[in-house]
$ cat target21.pdb   # PDB, C-alpha atoms
ATOM      1  CA  MET L   1    -106.530  38.534 -34.957
ATOM      2  CA  LYS L   2    -103.686  41.029 -34.442
ATOM      3  CA  LEU L   3    -104.490  41.369 -30.727
ATOM      4  CA  LYS L   4    -104.724  37.585 -30.422
ATOM      5  CA  GLY L   5    -101.320  37.263 -32.105
ATOM      6  CA  TYR L   6     -99.679  39.753 -29.759
ATOM      7  CA  LEU L   7    -101.192  38.045 -26.712
ATOM      8  CA  LEU L   8     -99.956  34.654 -27.914
ATOM      9  CA  GLY L   9     -96.473  36.095 -28.567
ATOM     10  CA  ILE L  10     -96.380  37.510 -25.036
ATOM     11  CA  LEU L  11     -97.612  34.197 -23.572
ATOM     12  CA  SER L  12     -94.927  32.281 -25.499
ATOM     13  CA  SER L  13     -92.168  34.516 -24.135
ATOM     14  CA  VAL L  14     -93.511  34.520 -20.579
ATOM     15  CA  SER L  15     -93.853  30.720 -20.490
ATOM     16  CA  PHE L  16     -90.272  30.234 -21.713
ATOM     17  CA  GLY L  17     -89.027  32.750 -19.132
ATOM     18  CA  LEU L  18     -90.500  30.612 -16.325
ATOM     19  CA  ILE L  19     -87.813  27.918 -16.697
ATOM     20  CA  PRO L  20     -85.919  28.949 -13.490
ATOM     21  CA  ILE L  21     -89.050  28.227 -11.393
ATOM     22  CA  PHE L  22     -88.846  24.536 -12.287
ATOM     23  CA  ILE L  23     -85.161  23.867 -12.842
ATOM     24  CA  LEU L  24     -83.643  25.619  -9.801
ATOM     25  CA  PRO L  25     -85.501  23.539  -7.149
ATOM     26  CA  LEU L  26     -84.344  20.372  -8.953
ATOM     27  CA  LYS L  27     -80.745  21.615  -8.957
ATOM     28  CA  GLN L  28     -80.986  22.577  -5.273
ATOM     29  CA  ALA L  29     -82.301  19.069  -4.509
ATOM     30  CA  HIS L  30     -79.247  17.653  -6.372
ATOM     31  CA  PHE L  31     -81.559  15.815  -8.761
ATOM     32  CA  SER L  32     -79.841  14.676 -11.950
ATOM     33  CA  MET L  33     -80.025  17.332 -14.683
ATOM     34  CA  ASP L  34     -79.816  14.685 -17.410
ATOM     35  CA  ILE L  35     -82.843  12.846 -15.996
ATOM     36  CA  SER L  36     -84.692  16.146 -15.485
ATOM     37  CA  LEU L  37     -84.110  17.199 -19.086
ATOM     38  CA  PHE L  38     -84.933  13.702 -20.371
ATOM     39  CA  TYR L  39     -88.368  13.810 -18.742
ATOM     40  CA  ARG L  40     -88.957  17.452 -19.701
ATOM     41  CA  PHE L  41     -88.487  16.749 -23.404
ATOM     42  CA  LEU L  42     -90.081  13.277 -23.338
ATOM     43  CA  PHE L  43     -93.296  14.609 -21.789
ATOM     44  CA  SER L  44     -93.196  17.601 -24.169
ATOM     45  CA  ALA L  45     -92.852  15.267 -27.163
ATOM     46  CA  LEU L  46     -95.755  13.118 -25.928
ATOM     47  CA  MET L  47     -97.973  16.194 -25.520
ATOM     48  CA  VAL L  48     -97.149  17.577 -28.969
ATOM     49  CA  GLY L  49     -97.512  14.049 -30.380
ATOM     50  CA  GLY L  50    -100.978  13.893 -28.853
ATOM     51  CA  TYR L  51    -101.860  17.144 -30.609
ATOM     52  CA  LEU L  52    -100.585  15.740 -33.927
ATOM     53  CA  LEU L  53    -102.754  12.636 -33.465
ATOM     54  CA  TYR L  54    -105.748  14.836 -32.656
ATOM     55  CA  SER L  55    -105.183  16.954 -35.782
ATOM     56  CA  GLY L  56    -104.738  13.826 -37.922
ATOM     57  CA  GLU L  57    -101.244  14.727 -39.113
ATOM     58  CA  ASN L  58     -98.980  12.013 -40.536
ATOM     59  CA  PHE L  59     -95.925  11.168 -38.396
ATOM     60  CA  ARG L  60     -93.957   9.724 -41.343
ATOM     61  CA  ILE L  61     -90.536  11.206 -42.168
ATOM     62  CA  ASN L  62     -87.860  10.105 -44.644
ATOM     63  CA  LYS L  63     -84.196   9.306 -43.879
ATOM     64  CA  LYS L  64     -82.940  12.791 -44.768
ATOM     65  CA  GLU L  65     -85.544  14.433 -42.518
ATOM     66  CA  ALA L  66     -84.736  11.974 -39.705
ATOM     67  CA  LEU L  67     -81.032  12.892 -39.947
ATOM     68  CA  ILE L  68     -81.702  16.650 -39.903
ATOM     69  CA  LEU L  69     -84.229  16.355 -37.066
ATOM     70  CA  SER L  70     -81.795  14.263 -35.006
ATOM     71  CA  VAL L  71     -79.113  16.945 -35.481
ATOM     72  CA  LEU L  72     -81.655  19.563 -34.383
ATOM     73  CA  GLY L  73     -82.392  17.432 -31.318
ATOM     74  CA  VAL L  74     -78.693  17.307 -30.402
ATOM     75  CA  CYS L  75     -78.349  21.090 -30.865
ATOM     76  CA  TYR L  76     -81.383  21.720 -28.638
ATOM     77  CA  ALA L  77     -80.079  19.233 -26.067
ATOM     78  CA  LEU L  78     -76.631  20.853 -25.904
ATOM     79  CA  SER L  79     -78.203  24.298 -25.649
ATOM     80  CA  SER L  80     -80.300  23.153 -22.666
ATOM     81  CA  GLU L  81     -77.338  21.345 -21.097
ATOM     82  CA  PHE L  82     -75.015  24.359 -21.222
ATOM     83  CA  LEU L  83     -77.734  26.747 -20.006
ATOM     84  CA  PHE L  84     -78.385  24.708 -16.869
ATOM     85  CA  ILE L  85     -74.658  24.232 -16.233
ATOM     86  CA  GLY L  86     -74.371  28.000 -16.617
ATOM     87  CA  TYR L  87     -76.799  28.434 -13.710
ATOM     88  CA  ASP L  88     -73.978  27.208 -11.447
ATOM     89  CA  PHE L  89     -71.702  30.064 -12.579
ATOM     90  CA  LEU L  90     -74.096  32.923 -13.298
ATOM     91  CA  THR L  91     -77.425  33.837 -11.712
ATOM     92  CA  PRO L  92     -80.501  32.554 -13.607
ATOM     93  CA  GLY L  93     -81.451  36.079 -14.630
ATOM     94  CA  ILE L  94     -78.039  36.821 -16.136
ATOM     95  CA  ALA L  95     -77.766  33.381 -17.772
ATOM     96  CA  SER L  96     -81.212  33.728 -19.381
ATOM     97  CA  THR L  97     -80.334  37.189 -20.688
ATOM     98  CA  VAL L  98     -76.994  36.073 -22.167
ATOM     99  CA  LEU L  99     -78.809  33.161 -23.859
ATOM    100  CA  PHE L 100     -81.095  35.670 -25.539
ATOM    101  CA  ILE L 101     -78.315  36.985 -27.816
ATOM    102  CA  TYR L 102     -78.837  33.949 -30.090
ATOM    103  CA  PRO L 103     -80.446  36.112 -32.861
ATOM    104  CA  VAL L 104     -77.209  38.112 -32.990
ATOM    105  CA  ILE L 105     -75.153  34.892 -33.246
ATOM    106  CA  VAL L 106     -77.470  33.765 -36.053
ATOM    107  CA  ALA L 107     -76.656  37.018 -37.895
ATOM    108  CA  LEU L 108     -72.912  36.365 -37.457
ATOM    109  CA  ILE L 109     -73.202  32.756 -38.691
ATOM    110  CA  MET L 110     -75.138  33.942 -41.747
ATOM    111  CA  PHE L 111     -72.462  36.601 -42.393
ATOM    112  CA  PHE L 112     -69.410  34.329 -42.072
ATOM    113  CA  PHE L 113     -70.764  31.113 -43.603
ATOM    114  CA  TYR L 114     -73.502  32.245 -45.998
ATOM    115  CA  ARG L 115     -72.020  35.624 -47.008
ATOM    116  CA  GLU L 116     -75.129  37.552 -46.005
ATOM    117  CA  LYS L 117     -74.358  41.260 -45.668
ATOM    118  CA  LEU L 118     -74.453  43.025 -42.318
ATOM    119  CA  THR L 119     -76.272  46.357 -42.430
ATOM    120  CA  LYS L 120     -75.243  49.336 -40.290
ATOM    121  CA  LEU L 121     -78.182  48.595 -37.995
ATOM    122  CA  SER L 122     -77.023  44.971 -37.681
ATOM    123  CA  ILE L 123     -73.519  46.115 -36.706
ATOM    124  CA  VAL L 124     -74.970  48.479 -34.089
ATOM    125  CA  SER L 125     -77.058  45.601 -32.715
ATOM    126  CA  LEU L 126     -73.968  43.375 -32.477
ATOM    127  CA  LEU L 127     -72.021  46.032 -30.568
ATOM    128  CA  LEU L 128     -74.927  46.710 -28.181
ATOM    129  CA  ALA L 129     -75.457  43.007 -27.481
ATOM    130  CA  PHE L 130     -71.727  42.437 -26.944
ATOM    131  CA  ALA L 131     -71.512  45.413 -24.566
ATOM    132  CA  GLY L 132     -74.561  44.130 -22.679
ATOM    133  CA  VAL L 133     -73.007  40.685 -22.206
ATOM    134  CA  ILE L 134     -69.774  42.209 -20.890
ATOM    135  CA  VAL L 135     -71.661  44.430 -18.432
ATOM    136  CA  LEU L 136     -73.755  41.494 -17.192
ATOM    137  CA  CYS L 137     -70.721  39.342 -16.508
ATOM    138  CA  LEU L 138     -68.664  41.948 -14.663
ATOM    139  CA  LYS L 139     -68.055  40.920 -11.072
ATOM    140  CA  GLU L 140     -69.045  43.328  -8.336
ATOM    141  CA  ASN L 141     -65.548  43.803  -6.934
ATOM    142  CA  GLY L 142     -64.069  45.251 -10.129
ATOM    143  CA  LEU L 143     -63.637  44.811 -13.857
ATOM    144  CA  GLU L 144     -63.020  41.070 -13.659
ATOM    145  CA  ILE L 145     -65.268  39.122 -16.046
ATOM    146  CA  ASN L 146     -66.769  35.755 -15.122
ATOM    147  CA  PHE L 147     -65.307  34.010 -18.185
ATOM    148  CA  ALA L 148     -66.385  30.499 -17.119
ATOM    149  CA  GLY L 149     -70.053  31.427 -16.814
ATOM    150  CA  LEU L 150     -69.973  33.626 -19.900
ATOM    151  CA  GLY L 151     -68.346  30.911 -22.023
ATOM    152  CA  ILE L 152     -70.756  28.178 -20.921
ATOM    153  CA  VAL L 153     -73.920  30.216 -21.534
ATOM    154  CA  MET L 154     -72.516  31.532 -24.830
ATOM    155  CA  LEU L 155     -72.164  27.871 -25.898
ATOM    156  CA  SER L 156     -75.843  27.422 -25.026
ATOM    157  CA  SER L 157     -76.702  30.437 -27.173
ATOM    158  CA  LEU L 158     -74.457  29.170 -29.999
ATOM    159  CA  PHE L 159     -76.177  25.770 -30.176
ATOM    160  CA  TYR L 160     -79.598  27.419 -30.139
ATOM    161  CA  ALA L 161     -78.441  29.703 -32.962
ATOM    162  CA  LEU L 162     -77.240  26.630 -34.898
ATOM    163  CA  TYR L 163     -80.680  25.094 -34.349
ATOM    164  CA  MET L 164     -82.294  28.183 -35.903
ATOM    165  CA  VAL L 165     -79.873  28.258 -38.853
ATOM    166  CA  ILE L 166     -80.368  24.544 -39.612
ATOM    167  CA  VAL L 167     -84.159  24.967 -39.520
ATOM    168  CA  ASN L 168     -83.823  27.936 -41.875
ATOM    169  CA  LYS L 169     -81.338  26.410 -44.347
ATOM    170  CA  SER L 170     -82.202  22.686 -44.391
ATOM    171  CA  ASP L 171     -85.425  23.148 -46.398
ATOM    172  CA  LEU L 172     -87.368  20.695 -44.227
ATOM    173  CA  LYS L 173     -90.788  19.847 -45.678
ATOM    174  CA  VAL L 174     -92.473  19.264 -42.318
ATOM    175  CA  SER L 175     -94.952  21.314 -40.301
ATOM    176  CA  GLY L 176     -93.874  23.341 -37.297
ATOM    177  CA  PHE L 177     -95.600  20.904 -34.940
ATOM    178  CA  LYS L 178     -93.977  17.853 -36.506
ATOM    179  CA  LEU L 179     -90.587  19.602 -36.358
ATOM    180  CA  SER L 180     -91.157  20.398 -32.667
ATOM    181  CA  PHE L 181     -92.290  16.824 -31.938
ATOM    182  CA  TYR L 182     -89.246  15.150 -33.482
ATOM    183  CA  SER L 183     -86.813  17.753 -32.122
ATOM    184  CA  MET L 184     -88.130  17.121 -28.605
ATOM    185  CA  LEU L 185     -88.121  13.359 -29.138
ATOM    186  CA  PHE L 186     -84.490  13.313 -30.318
ATOM    187  CA  THR L 187     -83.528  15.729 -27.523
ATOM    188  CA  SER L 188     -85.011  13.365 -24.921
ATOM    189  CA  ALA L 189     -83.195  10.451 -26.625
ATOM    190  CA  PHE L 190     -79.903  12.364 -26.275
ATOM    191  CA  PHE L 191     -80.379  12.747 -22.506
ATOM    192  CA  MET L 192     -81.598   9.145 -22.156
ATOM    193  CA  ILE L 193     -78.399   7.847 -23.794
ATOM    194  CA  LYS L 194     -76.226  10.210 -21.730
ATOM    195  CA  ALA L 195     -77.926   9.279 -18.447
ATOM    196  CA  SER L 196     -77.784   5.554 -19.262
ATOM    197  CA  ALA L 197     -74.055   5.781 -20.062
ATOM    198  CA  GLU L 198     -73.498   7.408 -16.658
ATOM    199  CA  GLY L 199     -75.542   4.696 -14.904
ATOM    200  CA  GLU L 200     -78.180   7.081 -13.548
ATOM    201  CA  SER L 201     -81.565   5.882 -12.329
ATOM    202  CA  PHE L 202     -84.677   6.910 -14.255
ATOM    203  CA  ALA L 203     -86.906   6.382 -11.214
ATOM    204  CA  ILE L 204     -88.962   9.438 -10.243
ATOM    205  CA  PRO L 205     -88.721   9.577  -6.428
ATOM    206  CA  SER L 206     -92.008  11.301  -5.643
ATOM    207  CA  VAL L 207     -95.365  12.360  -7.059
ATOM    208  CA  SER L 208     -94.457  16.030  -6.536
ATOM    209  CA  ILE L 209     -91.363  15.715  -8.762
ATOM    210  CA  PHE L 210     -93.411  13.845 -11.379
ATOM    211  CA  LEU L 211     -95.963  16.685 -11.397
ATOM    212  CA  ASN L 212     -93.091  19.181 -11.567
ATOM    213  CA  PHE L 213     -91.897  17.467 -14.779
ATOM    214  CA  ILE L 214     -95.393  17.504 -16.294
ATOM    215  CA  VAL L 215     -95.982  21.201 -15.563
ATOM    216  CA  PHE L 216     -92.369  22.040 -16.522
ATOM    217  CA  ALA L 217     -92.808  20.360 -19.914
ATOM    218  CA  PHE L 218     -96.271  21.805 -20.536
ATOM    219  CA  LEU L 219     -95.634  25.420 -19.511
ATOM    220  CA  THR L 220     -92.070  26.044 -20.687
ATOM    221  CA  THR L 221     -91.965  23.877 -23.808
ATOM    222  CA  VAL L 222     -95.388  22.932 -25.213
ATOM    223  CA  ILE L 223     -97.234  26.205 -24.472
ATOM    224  CA  SER L 224     -94.240  28.260 -25.597
ATOM    225  CA  SER L 225     -93.907  26.334 -28.886
ATOM    226  CA  LEU L 226     -97.638  26.307 -29.748
ATOM    227  CA  CYS L 227     -98.125  29.986 -28.929
ATOM    228  CA  LEU L 228     -95.027  30.872 -30.937
ATOM    229  CA  VAL L 229     -96.326  29.069 -34.053
ATOM    230  CA  TYR L 230     -99.730  30.790 -33.888
ATOM    231  CA  ALA L 231     -98.244  34.207 -33.006
ATOM    232  CA  ILE L 232     -96.098  34.052 -36.165
ATOM    233  CA  LYS L 233     -99.198  33.046 -38.132
ATOM    234  CA  TYR L 234    -101.271  36.009 -36.858
ATOM    235  CA  ILE L 235     -98.727  38.867 -36.638
ATOM    236  CA  GLY L 236     -95.622  37.657 -38.492
ATOM    237  CA  SER L 237     -92.116  36.633 -37.430
ATOM    238  CA  THR L 238     -90.669  40.120 -36.754
ATOM    239  CA  PRO L 239     -93.181  41.316 -34.099
ATOM    240  CA  THR L 240     -93.094  37.829 -32.540
ATOM    241  CA  ALA L 241     -89.283  37.906 -32.362
ATOM    242  CA  ILE L 242     -89.351  41.362 -30.745
ATOM    243  CA  LEU L 243     -91.891  40.121 -28.175
ATOM    244  CA  GLY L 244     -89.341  37.380 -27.409
ATOM    245  CA  ALA L 245     -87.442  40.094 -25.531
ATOM    246  CA  LEU L 246     -89.828  39.398 -22.656
ATOM    247  CA  GLU L 247     -88.170  35.985 -22.080
ATOM    248  CA  PRO L 248     -85.082  37.264 -20.195
ATOM    249  CA  VAL L 249     -87.143  39.992 -18.493
ATOM    250  CA  VAL L 250     -89.519  37.366 -17.045
ATOM    251  CA  ALA L 251     -86.548  35.155 -16.052
ATOM    252  CA  VAL L 252     -84.965  38.104 -14.207
ATOM    253  CA  ILE L 253     -88.247  38.974 -12.430
ATOM    254  CA  VAL L 254     -88.654  35.322 -11.358
ATOM    255  CA  SER L 255     -85.038  35.185 -10.142
ATOM    256  CA  VAL L 256     -85.326  38.451  -8.201
ATOM    257  CA  PHE L 257     -88.670  37.774  -6.497
ATOM    258  CA  MET L 258     -88.547  33.987  -6.041
ATOM    259  CA  PHE L 259     -84.829  33.218  -5.686
ATOM    260  CA  HIS L 260     -83.649  36.528  -4.211
ATOM    261  CA  GLU L 261     -81.264  37.449  -7.010
ATOM    262  CA  ARG L 262     -79.978  40.998  -6.470
ATOM    263  CA  PHE L 263     -81.234  43.468  -9.068
ATOM    264  CA  THR L 264     -77.995  45.387  -9.586
ATOM    265  CA  LEU L 265     -77.186  48.335 -11.840
ATOM    266  CA  ASN L 266     -75.080  45.983 -13.992
ATOM    267  CA  LEU L 267     -78.115  43.736 -14.471
ATOM    268  CA  LEU L 268     -80.316  46.676 -15.512
ATOM    269  CA  ILE L 269     -77.742  48.116 -17.950
ATOM    270  CA  GLY L 270     -76.830  44.694 -19.382
ATOM    271  CA  ILE L 271     -80.453  43.675 -19.986
ATOM    272  CA  THR L 272     -81.248  47.041 -21.596
ATOM    273  CA  LEU L 273     -78.265  46.863 -23.963
ATOM    274  CA  ILE L 274     -78.983  43.262 -24.999
ATOM    275  CA  LEU L 275     -82.712  43.917 -25.538
ATOM    276  CA  LEU L 276     -81.891  46.971 -27.661
ATOM    277  CA  GLY L 277     -79.289  45.003 -29.608
ATOM    278  CA  VAL L 278     -81.602  42.072 -30.324
ATOM    279  CA  THR L 279     -84.511  44.381 -31.244
ATOM    280  CA  PHE L 280     -82.313  46.327 -33.700
ATOM    281  CA  ASN L 281     -81.113  43.021 -35.159
ATOM    282  CA  VAL L 282     -84.693  41.830 -35.713
ATOM    283  CA  ILE L 283     -85.639  45.160 -37.348
ATOM    284  CA  ALA L 284     -82.560  45.018 -39.596
ATOM    285  CA  ASP L 285     -83.414  41.449 -40.603
ATOM    286  CA  SER L 286     -86.997  42.474 -41.359
ATOM    287  CA  ARG L 287     -85.849  45.356 -43.578
ATOM    288  CA  LYS L 288     -83.454  43.046 -45.428
ATOM    289  CA  SER L 289     -86.245  40.505 -46.036
ATOM    290  CA  LYS L 290     -88.548  43.220 -47.401
ATOM    291  CA  ARG L 291     -85.814  44.477 -49.751
ATOM    292  CA  ASN L 292     -85.189  40.919 -50.991
ATOM    293  CA  GLN L 293     -88.919  40.430 -51.588
ATOM    294  CA  SER L 294     -89.212  43.699 -53.537
ATOM    295  CA  THR L 295     -86.159  42.755 -55.634
ATOM    296  CA  THR L 296     -87.698  39.347 -56.386
ATOM    297  CA  LEU L 297     -90.981  40.982 -57.421
ATOM    298  CA  LYS L 298     -89.169  43.361 -59.788
ATOM    299  CA  VAL L 299     -87.272  40.473 -61.408
ATOM    300  CA  THR L 300     -90.542  38.518 -61.753
ATOM    301  CA  ASP L 301     -92.307  41.503 -63.287
TER     302      ASP L 301
END
$ encode --input "target21.pdb" --output "structure tokens"
Amino acid sequence: MKLKGYLLGILSSVSFGLIPIFILPLKQAHFSMDISLFYRFLFSALMVGGYLLYSGENFRINKKEALILSVLGVCYALSSEFLFIGYDFLTPGIASTVLFIYPVIVALIMFFFYREKLTKLSIVSLLLAFAGVIVLCLKENGLEINFAGLGIVMLSSLFYALYMVIVNKSDLKVSGFKLSFYSMLFTSAFFMIKASAEGESFAIPSVSIFLNFIVFAFLTTVISSLCLVYAIKYIGSTPTAILGALEPVVAVIVSVFMFHERFTLNLLIGITLILLGVTFNVIADSRKSKRNQSTTLKVTD
């Protein structure tokens, strides 16, 4: 089971890191990003919904759950929106790596708004991640930082971090699959409303683009989500989160070999610093959880 869990964790990270393969050709073809994201999340929701039907799970949710899930959908939508806008300012490899600092932003949100203490290891992880982001965004001709690209992708990371915090603190009484289904459904609704307001056509111009949407949704959203749920079940959240470090690595490999992104020294140093920072943050969080559990057990005893 342990081996199966690690393989599923790796598959989840790899599938999420494949996003540039599908989104960059659509951007290069000047296809609407709102329509692209609408179909990505709609098809993902339909696939997960099909799994829920197959497993016999109830789709019913109450008003409070509907409100929280709609907020999660908006957070996920804004995270996706800013990431793909960020591709216009930063290379896909750099953008995907900057996005990956969301666990560090989660730690900061928990510190400032929920008064959770930062350990020394957490502080080290924050500094490493911050240094990695700065190195990644340095322009080649000097110490000038690409603030536009950095700011946009940091917004993407912030909204994903908010998604994680809301899931953690809202005390939702729904399964992981039902949460994923409604999050994707509300995310697709967000892009449908946005595209409709801008008068964009929902027509899919060719069979190849339709198939692109299907594979895009299945590989980068459904497979990633399902594998993540089962990886956590088999090996726990900490090893699964550490395996998530493969996401930006895969995105960089795809960008270098398929889209001819230059693998610079800045890219290598930045990725290394961010991966170290996020890994330290996950380890620090794991240690804190174990201490809290042991304290609870002592009080219970």
$ resolve_selection --input "target21.pdb" --expression "the PyMOL selection byres ((chain L and resi 108-111) around 10)" --output "list of chain:residue names"
L:Tyr102, L:Pro103, L:Val104, L:Ile105, L:Val106, L:Ala107, L:Phe112, L:Phe113, L:Tyr114, L:Arg115, L:Glu116, L:Lys117, L:Leu118, L:Ser122, L:Ile123, L:Leu126, L:Leu158, L:Ala161, L:Leu162, L:Val165
$ closest_residue --input "target21.pdb" --among "L:Met258, L:Leu26, L:Ala66, L:Val250" --to "Val174 in chain L" --atoms "only C-alpha atoms"
L:Ala66
$ closest_residue --input "target21.pdb" --among "L:Val167, L:Ala231, L:Leu246, L:Ala189" --to "Tyr39 in chain L" --atoms "all atoms listed in the file"
L:Ala189
$ resolve_selection --input "target21.pdb" --expression "the PyMOL selection byres ((chain L and resi 263) around 12)" --output "PyMOL selection string"
chain L and resi 91-94+136+249+252-257+259-262+264-271
$ resolve_selection --input "target21.pdb" --expression "the PyMOL selection byres ((chain L and resi 84) around 9)" --output "VMD selection string"
chain L and resid 23 to 24 27 33 79 to 83 85 to 88 92 95 153 156
$ atom_distance --input "target21.pdb" --atom1 "CA of Gly9 in chain L" --atom2 "CA of Thr220 in chain L"
13.5 Å
$ residues_around --input "target21.pdb" --residues "range 200-204 of chain L" --least-positions-apart "4" --cutoff "9 Å" --atoms "all atoms listed in the file" --output "compact mmCIF listing (two decimals) with C-alpha atoms, in the coordinates of the input"
# COMPACT_ATOMS: atom_id res chain seq x y z
CA SER L 32 -79.84 14.68 -11.95
CA ASP L 34 -79.82 14.68 -17.41
CA ILE L 35 -82.84 12.85 -16.00
CA MET L 192 -81.60 9.14 -22.16
CA LYS L 194 -76.23 10.21 -21.73
CA ALA L 195 -77.93 9.28 -18.45
CA SER L 196 -77.78 5.55 -19.26
CA ILE L 209 -91.36 15.72 -8.76
CA PHE L 210 -93.41 13.84 -11.38
$ atom_distance --input "target21.pdb" --atom1 "CA of Val48 in chain L" --atom2 "CA of Tyr76 in chain L"
16.3 Å
$ closest_residue --input "target21.pdb" --among "L:Leu37, L:Leu52, L:Val74, L:Leu90" --to "Ala148 in chain L" --atoms "all atoms listed in the file"
L:Leu90
$ atom_distance --input "target21.pdb" --atom1 "CA of Ile101 in chain L" --atom2 "CA of Val124 in chain L"
13.5 Å
$ axis_aligned_box --input "target21.pdb" --around "range 181-187 of chain L" --padding-each-side "6 Å" --output "JSON"
{"center_x": -87.9, "center_y": 15.5, "center_z": -30.5, "size_x": 20.8, "size_y": 16.4, "size_z": 18.0}
$ closest_residue --input "target21.pdb" --among "L:Val133, L:Ile214, L:Val229, L:Leu150" --to "Thr272 in chain L" --atoms "all atoms listed in the file"
L:Val133
